[in-house]
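Text of start_8.cif, listed as mmCIF, C-alpha atoms:
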```cif
data_model
#
loop_
_atom_site.label_atom_id
_atom_site.label_comp_id
_atom_site.auth_asym_id
_atom_site.auth_seq_id
_atom_site.Cartn_x
_atom_site.Cartn_y
_atom_site.Cartn_z
CA MET A 5 0.00 0.00 0.00
CA HIS A 6 2.91 2.38 0.72
CA GLN A 7 3.95 2.26 -2.92
CA TRP A 8 0.77 3.99 -4.05
CA LYS A 9 0.94 7.74 -4.48
CA GLU A 10 -1.99 9.92 -3.61
CA ARG A 11 -2.79 12.55 -6.26
CA THR A 12 -5.38 15.27 -6.56
CA ARG A 13 -7.68 16.65 -9.29
CA PRO A 14 -9.26 14.19 -9.28
CA ILE A 15 -8.38 12.54 -5.97
CA ARG A 16 -6.83 9.21 -6.80
CA LEU A 17 -4.20 6.60 -6.02
CA GLU A 18 -1.51 5.78 -8.56
CA ARG A 19 1.05 3.03 -8.81
CA ARG A 20 3.38 1.69 -11.48
CA PHE A 21 3.98 -2.07 -11.70
CA GLU A 22 6.85 -3.59 -13.68
CA PHE A 23 7.14 -7.09 -15.07
CA GLU A 24 9.75 -9.44 -16.46
CA ASN A 25 7.99 -10.03 -19.75
CA TYR A 26 4.74 -9.63 -21.65
CA GLU A 27 3.30 -12.88 -20.31
CA ALA A 28 3.69 -11.68 -16.72
CA THR A 29 2.08 -8.34 -17.63
CA ARG A 30 -0.88 -10.13 -19.22
CA ASN A 31 -1.30 -12.50 -16.25
CA PHE A 32 -1.42 -9.56 -13.88
CA LEU A 33 -3.97 -7.74 -16.06
CA ASP A 34 -6.14 -10.85 -16.34
CA GLU A 35 -6.31 -11.32 -12.58
CA LEU A 36 -6.82 -7.61 -12.07
CA GLY A 37 -9.72 -7.73 -14.55
CA GLN A 38 -11.40 -10.41 -12.47
CA LEU A 39 -10.93 -8.38 -9.30
CA CYS A 40 -12.38 -5.28 -10.99
CA GLU A 41 -15.45 -7.17 -12.10
CA SER A 42 -16.02 -8.67 -8.67
CA GLN A 43 -15.68 -5.25 -7.02
CA LYS A 44 -17.42 -3.31 -9.81
CA ARG A 45 -14.53 -0.85 -9.78
CA TYR A 46 -12.72 0.04 -12.96
CA PRO A 47 -9.43 1.91 -12.58
CA ASP A 48 -7.75 3.59 -15.53
CA ILE A 49 -4.93 1.37 -16.66
CA SER A 50 -2.09 2.09 -19.08
CA PHE A 51 0.21 -0.72 -20.08
CA GLY A 52 2.88 -1.75 -22.51
CA LYS A 53 5.04 -4.85 -22.88
CA THR A 54 6.43 -4.90 -19.33
CA TYR A 55 4.62 -2.28 -17.27
CA ALA A 56 1.21 -1.20 -16.07
CA ASN A 57 0.26 2.15 -14.55
CA LEU A 58 -2.88 2.18 -12.45
CA SER A 59 -4.95 5.19 -11.53
CA LEU A 60 -7.63 4.48 -8.99
CA ALA A 61 -10.23 7.21 -8.49
CA SER A 62 -11.45 7.53 -4.92
CA ASN A 63 -14.78 5.92 -4.21
CA ASN A 64 -16.35 9.03 -2.76
CA ASN A 65 -14.50 11.71 -4.75
CA GLU A 66 -13.62 13.61 -1.58
CA GLU A 67 -10.80 11.67 -0.02
CA ILE A 68 -9.02 8.36 -0.22
CA ASP A 69 -10.95 6.18 2.19
CA SER A 70 -10.51 2.69 3.63
CA ASP A 71 -12.44 1.15 0.70
CA ASP A 72 -9.94 2.67 -1.72
CA LYS A 73 -6.99 1.47 0.34
CA GLN A 74 -8.44 -2.01 0.61
CA PHE A 75 -8.89 -2.18 -3.16
CA ALA A 76 -5.29 -1.01 -3.70
CA SER A 77 -4.05 -3.65 -1.24
CA LYS A 78 -5.88 -6.37 -3.15
CA ILE A 79 -4.13 -5.24 -6.32
CA ASP A 80 -0.77 -5.34 -4.50
CA GLN A 81 -1.60 -8.87 -3.42
CA ILE A 82 -2.19 -9.99 -7.01
CA PHE A 83 1.17 -8.49 -7.96
CA GLN A 84 3.00 -10.13 -5.06
CA GLU A 85 1.53 -13.56 -5.71
CA ASP A 86 2.61 -13.45 -9.33
CA ASN A 87 6.06 -11.96 -8.83
CA MET B 22 -7.54 2.16 -41.01
CA HIS B 23 -8.87 5.68 -41.74
CA GLN B 24 -9.83 6.09 -38.07
CA TRP B 25 -6.22 5.98 -36.94
CA LYS B 26 -4.47 9.31 -36.50
CA GLU B 27 -0.84 9.74 -37.36
CA ARG B 28 1.16 11.57 -34.69
CA THR B 29 4.78 12.64 -34.40
CA ARG B 30 7.48 12.63 -31.65
CA PRO B 31 7.57 9.71 -31.66
CA ILE B 32 5.99 8.77 -34.98
CA ARG B 33 2.97 6.67 -34.17
CA LEU B 34 -0.62 5.74 -34.99
CA GLU B 35 -3.35 6.36 -32.44
CA ARG B 36 -6.96 5.27 -32.22
CA ARG B 37 -9.65 5.26 -29.54
CA PHE B 38 -12.06 2.33 -29.33
CA GLU B 39 -15.30 2.44 -27.36
CA PHE B 40 -17.32 -0.44 -25.99
CA GLU B 41 -20.78 -1.18 -24.62
CA ASN B 42 -19.55 -2.58 -21.33
CA TYR B 43 -16.53 -3.90 -19.44
CA GLU B 44 -16.93 -7.42 -20.80
CA ALA B 45 -16.67 -6.15 -24.38
CA THR B 46 -13.59 -4.09 -23.45
CA ARG B 47 -11.94 -7.14 -21.87
CA ASN B 48 -12.78 -9.38 -24.85
CA PHE B 49 -11.16 -6.89 -27.21
CA LEU B 50 -8.06 -6.62 -25.01
CA ASP B 51 -7.75 -10.40 -24.76
CA GLU B 52 -7.84 -10.86 -28.51
CA LEU B 53 -5.53 -7.90 -29.01
CA GLY B 54 -3.09 -9.49 -26.54
CA GLN B 55 -2.98 -12.65 -28.62
CA LEU B 56 -2.35 -10.64 -31.79
CA CYS B 57 0.45 -8.69 -30.08
CA GLU B 58 2.16 -11.87 -28.99
CA SER B 59 1.89 -13.46 -32.43
CA GLN B 60 3.34 -10.31 -34.07
CA LYS B 61 5.80 -9.52 -31.26
CA ARG B 62 4.55 -5.94 -31.28
CA TYR B 63 3.42 -4.26 -28.09
CA PRO B 64 1.52 -1.01 -28.47
CA ASP B 65 0.92 1.28 -25.50
CA ILE B 66 -2.65 0.77 -24.38
CA SER B 67 -4.74 2.81 -21.96
CA PHE B 68 -8.14 1.54 -20.97
CA GLY B 69 -10.97 1.97 -18.54
CA LYS B 70 -14.37 0.38 -18.19
CA THR B 71 -15.62 1.06 -21.73
CA TYR B 72 -12.74 2.43 -23.77
CA ALA B 73 -9.24 1.64 -24.98
CA ASN B 74 -6.73 4.07 -26.48
CA LEU B 75 -4.00 2.54 -28.58
CA SER B 76 -0.68 4.10 -29.47
CA LEU B 77 1.26 2.16 -32.02
CA ALA B 78 4.90 3.21 -32.51
CA SER B 79 6.12 2.91 -36.07
CA ASN B 80 8.19 -0.15 -36.77
CA ASN B 81 11.13 1.74 -38.21
CA ASN B 82 10.88 4.99 -36.20
CA GLU B 83 11.08 7.06 -39.37
CA GLU B 84 7.68 6.81 -40.94
CA ILE B 85 4.45 4.84 -40.76
CA ASP B 86 5.04 2.01 -43.20
CA SER B 87 2.93 -0.77 -44.67
CA ASP B 88 3.79 -3.07 -41.74
CA ASP B 89 2.39 -0.53 -39.30
CA LYS B 90 -0.76 -0.08 -41.36
CA GLN B 91 -1.25 -3.80 -41.66
CA PHE B 92 -0.98 -4.20 -37.90
CA ALA B 93 -3.49 -1.38 -37.34
CA SER B 94 -5.89 -3.03 -39.82
CA LYS B 95 -5.67 -6.30 -37.93
CA ILE B 96 -6.63 -4.47 -34.74
CA ASP B 97 -9.58 -2.86 -36.57
CA GLN B 98 -10.64 -6.32 -37.68
CA ILE B 99 -10.70 -7.62 -34.08
CA PHE B 100 -12.84 -4.64 -33.12
CA GLN B 101 -15.24 -5.11 -36.03
CA GLU B 102 -15.69 -8.82 -35.40
CA ASP B 103 -16.59 -8.20 -31.77
CA ASN B 104 -18.86 -5.20 -32.27
#
```

Once more with this new file: its structure as structure tokens, please.
Amino acid sequence: MHQWKERTRPIRLERRFEFENYEATRNFLDELGQLCESQKRYPDISFGKTYANLSLASNNNEEIDSDDKQFASKIDQIFQEDN
Amino acid sequence: MHQWKERTRPIRLERRFEFENYEATRNFLDELGQLCESQKRYPDISFGKTYANLSLASNNNEEIDSDDKQFASKIDQIFQEDN
């Protein structure tokens, strides 16, 4: 969770993830996609061959709350399990 | 192919794709991922719930060539088949 940066306008959390190869990037994105669907939350994601940048808008648009942090932690967990 | 815009610095093709829902977005990205692997070309992709922006660097870094256009057309084809 400490690797996420809090940004404003709009209020959001951002983190960059890096991967060994395209397969690892795709595996991460696949698992992330499943998480997003289960949570009905859809961050903005930019990715290339070996990276993904996530931008996670706050749930309430006023501040990063515990729901947002919990969602970010679940994403970290996906990354850690794969890497 | 006519919906792609040619941009400079670096020379690239860009196109925005829009989708009905998250499932359609994910289906497109899955098929695109397979194409990328088969061609060993990895565009920069940004996406959210119902959109994907693609940025396709030119193969030779000097101009958009027939290889680049062919790759873009294949991406269009994936989009058309799904939508």

Show which residues sit within 12 Å of Glu83 in chain B, as a short mmCIF file (atom, residue, chain, number, x, y, z; two decimals) with C-alpha atoms, in the frame of the given file. Count only C-alpha atoms, and ignore same-chain residues fewer than 3 positions away.
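As written to disk, around_2.cif reads:
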```cif
data_model
loop_
_atom_site.label_atom_id
_atom_site.label_comp_id
_atom_site.auth_asym_id
_atom_site.auth_seq_id
_atom_site.Cartn_x
_atom_site.Cartn_y
_atom_site.Cartn_z
CA ARG B 28 1.16 11.57 -34.69
CA THR B 29 4.78 12.64 -34.40
CA ARG B 30 7.48 12.63 -31.65
CA PRO B 31 7.57 9.71 -31.66
CA ILE B 32 5.99 8.77 -34.98
CA ARG B 33 2.97 6.67 -34.17
CA ALA B 78 4.90 3.21 -32.51
CA SER B 79 6.12 2.91 -36.07
CA ASN B 80 8.19 -0.15 -36.77
CA ASP B 86 5.04 2.01 -43.20
CA ASP B 89 2.39 -0.53 -39.30
#
```

Requested in this report: Starting from the displayed file, determine the output of the PyMOL selection byres ((chain B and resi 54) around 12) and express the residue list as an MDAnalysis selection string.
Outcome: (chainID A and resid 26:27 29:31 33:34 51:53) or (chainID B and resid 47:53 55:66 96 99)

Sphere at (4.2, -5.3, -7.0), radius 9 Å, counting all atoms listed in the file: residues as a compact mmCIF listing (two decimals) with C-alpha atoms, in the frame of the given file:
```
# COMPACT_ATOMS: atom_id res chain seq x y z
CA GLN A 7 3.95 2.26 -2.92
CA ARG A 20 3.38 1.69 -11.48
CA PHE A 21 3.98 -2.07 -11.70
CA GLU A 22 6.85 -3.59 -13.68
CA PHE A 23 7.14 -7.09 -15.07
CA ILE A 79 -4.13 -5.24 -6.32
CA ASP A 80 -0.77 -5.34 -4.50
CA GLN A 81 -1.60 -8.87 -3.42
CA ILE A 82 -2.19 -9.99 -7.01
CA PHE A 83 1.17 -8.49 -7.96
CA GLN A 84 3.00 -10.13 -5.06
CA GLU A 85 1.53 -13.56 -5.71
CA ASP A 86 2.61 -13.45 -9.33
CA ASN A 87 6.06 -11.96 -8.83
```

Output the coordinates of chain B after least-squares fitting to chain A on all in-order C-alpha pairs, as a tab-separated table (two decimals) with C-alpha atoms, keeping the file's coordinate frame.
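Okay, selection-v6.tsv is ready:
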```
chain	number	residue	atom	x	y	z
B	22	MET	CA	-0.01	-0.01	-0.02
B	23	HIS	CA	2.91	2.36	0.73
B	24	GLN	CA	3.95	2.26	-2.94
B	25	TRP	CA	0.77	3.99	-4.07
B	26	LYS	CA	0.94	7.75	-4.48
B	27	GLU	CA	-1.98	9.94	-3.61
B	28	ARG	CA	-2.79	12.54	-6.26
B	29	THR	CA	-5.38	15.29	-6.54
B	30	ARG	CA	-7.71	16.66	-9.28
B	31	PRO	CA	-9.26	14.18	-9.29
B	32	ILE	CA	-8.37	12.55	-5.98
B	33	ARG	CA	-6.82	9.22	-6.81
B	34	LEU	CA	-4.19	6.61	-6.00
B	35	GLU	CA	-1.51	5.79	-8.56
B	36	ARG	CA	1.06	3.03	-8.79
B	37	ARG	CA	3.38	1.68	-11.48
B	38	PHE	CA	3.99	-2.06	-11.71
B	39	GLU	CA	6.84	-3.58	-13.69
B	40	PHE	CA	7.14	-7.08	-15.08
B	41	GLU	CA	9.76	-9.45	-16.47
B	42	ASN	CA	7.99	-10.02	-19.76
B	43	TYR	CA	4.72	-9.63	-21.65
B	44	GLU	CA	3.30	-12.88	-20.31
B	45	ALA	CA	3.71	-11.68	-16.72
B	46	THR	CA	2.08	-8.34	-17.63
B	47	ARG	CA	-0.88	-10.13	-19.23
B	48	ASN	CA	-1.28	-12.51	-16.26
B	49	PHE	CA	-1.43	-9.56	-13.88
B	50	LEU	CA	-3.97	-7.75	-16.07
B	51	ASP	CA	-6.14	-10.86	-16.34
B	52	GLU	CA	-6.30	-11.33	-12.60
B	53	LEU	CA	-6.80	-7.61	-12.07
B	54	GLY	CA	-9.71	-7.74	-14.55
B	55	GLN	CA	-11.40	-10.43	-12.49
B	56	LEU	CA	-10.93	-8.40	-9.30
B	57	CYS	CA	-12.37	-5.29	-10.99
B	58	GLU	CA	-15.45	-7.17	-12.10
B	59	SER	CA	-16.02	-8.70	-8.67
B	60	GLN	CA	-15.68	-5.26	-7.01
B	61	LYS	CA	-17.41	-3.32	-9.80
B	62	ARG	CA	-14.53	-0.86	-9.77
B	63	TYR	CA	-12.70	0.04	-12.95
B	64	PRO	CA	-9.43	1.89	-12.56
B	65	ASP	CA	-7.75	3.59	-15.51
B	66	ILE	CA	-4.93	1.36	-16.65
B	67	SER	CA	-2.09	2.09	-19.06
B	68	PHE	CA	0.21	-0.72	-20.07
B	69	GLY	CA	2.87	-1.75	-22.50
B	70	LYS	CA	5.01	-4.84	-22.87
B	71	THR	CA	6.43	-4.90	-19.33
B	72	TYR	CA	4.63	-2.28	-17.27
B	73	ALA	CA	1.21	-1.21	-16.06
B	74	ASN	CA	0.26	2.14	-14.54
B	75	LEU	CA	-2.87	2.18	-12.44
B	76	SER	CA	-4.96	5.20	-11.53
B	77	LEU	CA	-7.61	4.48	-8.99
B	78	ALA	CA	-10.23	7.22	-8.48
B	79	SER	CA	-11.43	7.55	-4.92
B	80	ASN	CA	-14.76	5.94	-4.23
B	81	ASN	CA	-16.35	9.05	-2.77
B	82	ASN	CA	-14.50	11.74	-4.77
B	83	GLU	CA	-13.63	13.61	-1.58
B	84	GLU	CA	-10.82	11.67	-0.02
B	85	ILE	CA	-9.02	8.35	-0.22
B	86	ASP	CA	-10.96	6.18	2.20
B	87	SER	CA	-10.54	2.71	3.65
B	88	ASP	CA	-12.43	1.17	0.71
B	89	ASP	CA	-9.94	2.68	-1.72
B	90	LYS	CA	-7.00	1.47	0.33
B	91	GLN	CA	-8.45	-1.99	0.61
B	92	PHE	CA	-8.88	-2.18	-3.15
B	93	ALA	CA	-5.29	-1.00	-3.70
B	94	SER	CA	-4.05	-3.65	-1.24
B	95	LYS	CA	-5.88	-6.36	-3.15
B	96	ILE	CA	-4.13	-5.24	-6.33
B	97	ASP	CA	-0.77	-5.34	-4.50
B	98	GLN	CA	-1.60	-8.87	-3.41
B	99	ILE	CA	-2.20	-10.00	-7.02
B	100	PHE	CA	1.15	-8.50	-7.96
B	101	GLN	CA	2.99	-10.13	-5.06
B	102	GLU	CA	1.51	-13.56	-5.72
B	103	ASP	CA	2.60	-13.45	-9.35
B	104	ASN	CA	6.07	-12.01	-8.83
```

Query raised in the report: What separation in Å, quoted to one decimal, exists between CA of Trp25 in chain B and CA of Ala93 in chain B?
Result: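 Those two atoms sit 7.9 Å apart.
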
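As for CA of Asn42 in chain B and CA of Leu75 in chain B, they are spaced 17.9 Å apart.
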
Report summary line: Nearest to chain A, restricted to only C-alpha atoms and choosing among B:Glu27, B:Ala73, B:Asn81, B:Met22, comes out as B:Ala73

Requested in this report: Enter the distance from CA of Ala45 in chain B to CA of Lys95 in chain B, in Å, rounded to one decimal.
Outcome: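 Those two atoms sit 17.5 Å apart.
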
Requested in this report: Rank nothing, just name the residue among B:Ser76, B:Asn82, B:Ser87, B:Ser94 nearest to chain A, using only C-alpha atoms.
Outcome: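 Smallest distance to chain A is found for B:Ser76.
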
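Proximity of A:Gln74, A:Ser50, A:Leu60, A:Ile68 to chain B, computed with all atoms listed in the file, is greatest for A:Ser50.
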
Please enclose the listed atoms of range 11-21 of chain A in an axis-aligned box, pad each side by 3 Å, and write out the centre and the three edge lengths in Å, rounded to one decimal, as JSON.
```
{"center_x": -2.6, "center_y": 7.3, "center_z": -8.8, "size_x": 19.2, "size_y": 24.7, "size_z": 11.7}
```

Query raised in the report: Which one of A:Asn57, A:Lys9, A:Arg19, A:Glu24 sits closest to chain B if you count only C-alpha atoms?
Result: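 Between A:Asn57, A:Lys9, A:Arg19, A:Glu24, the residue approaching chain B most closely is A:Asn57.
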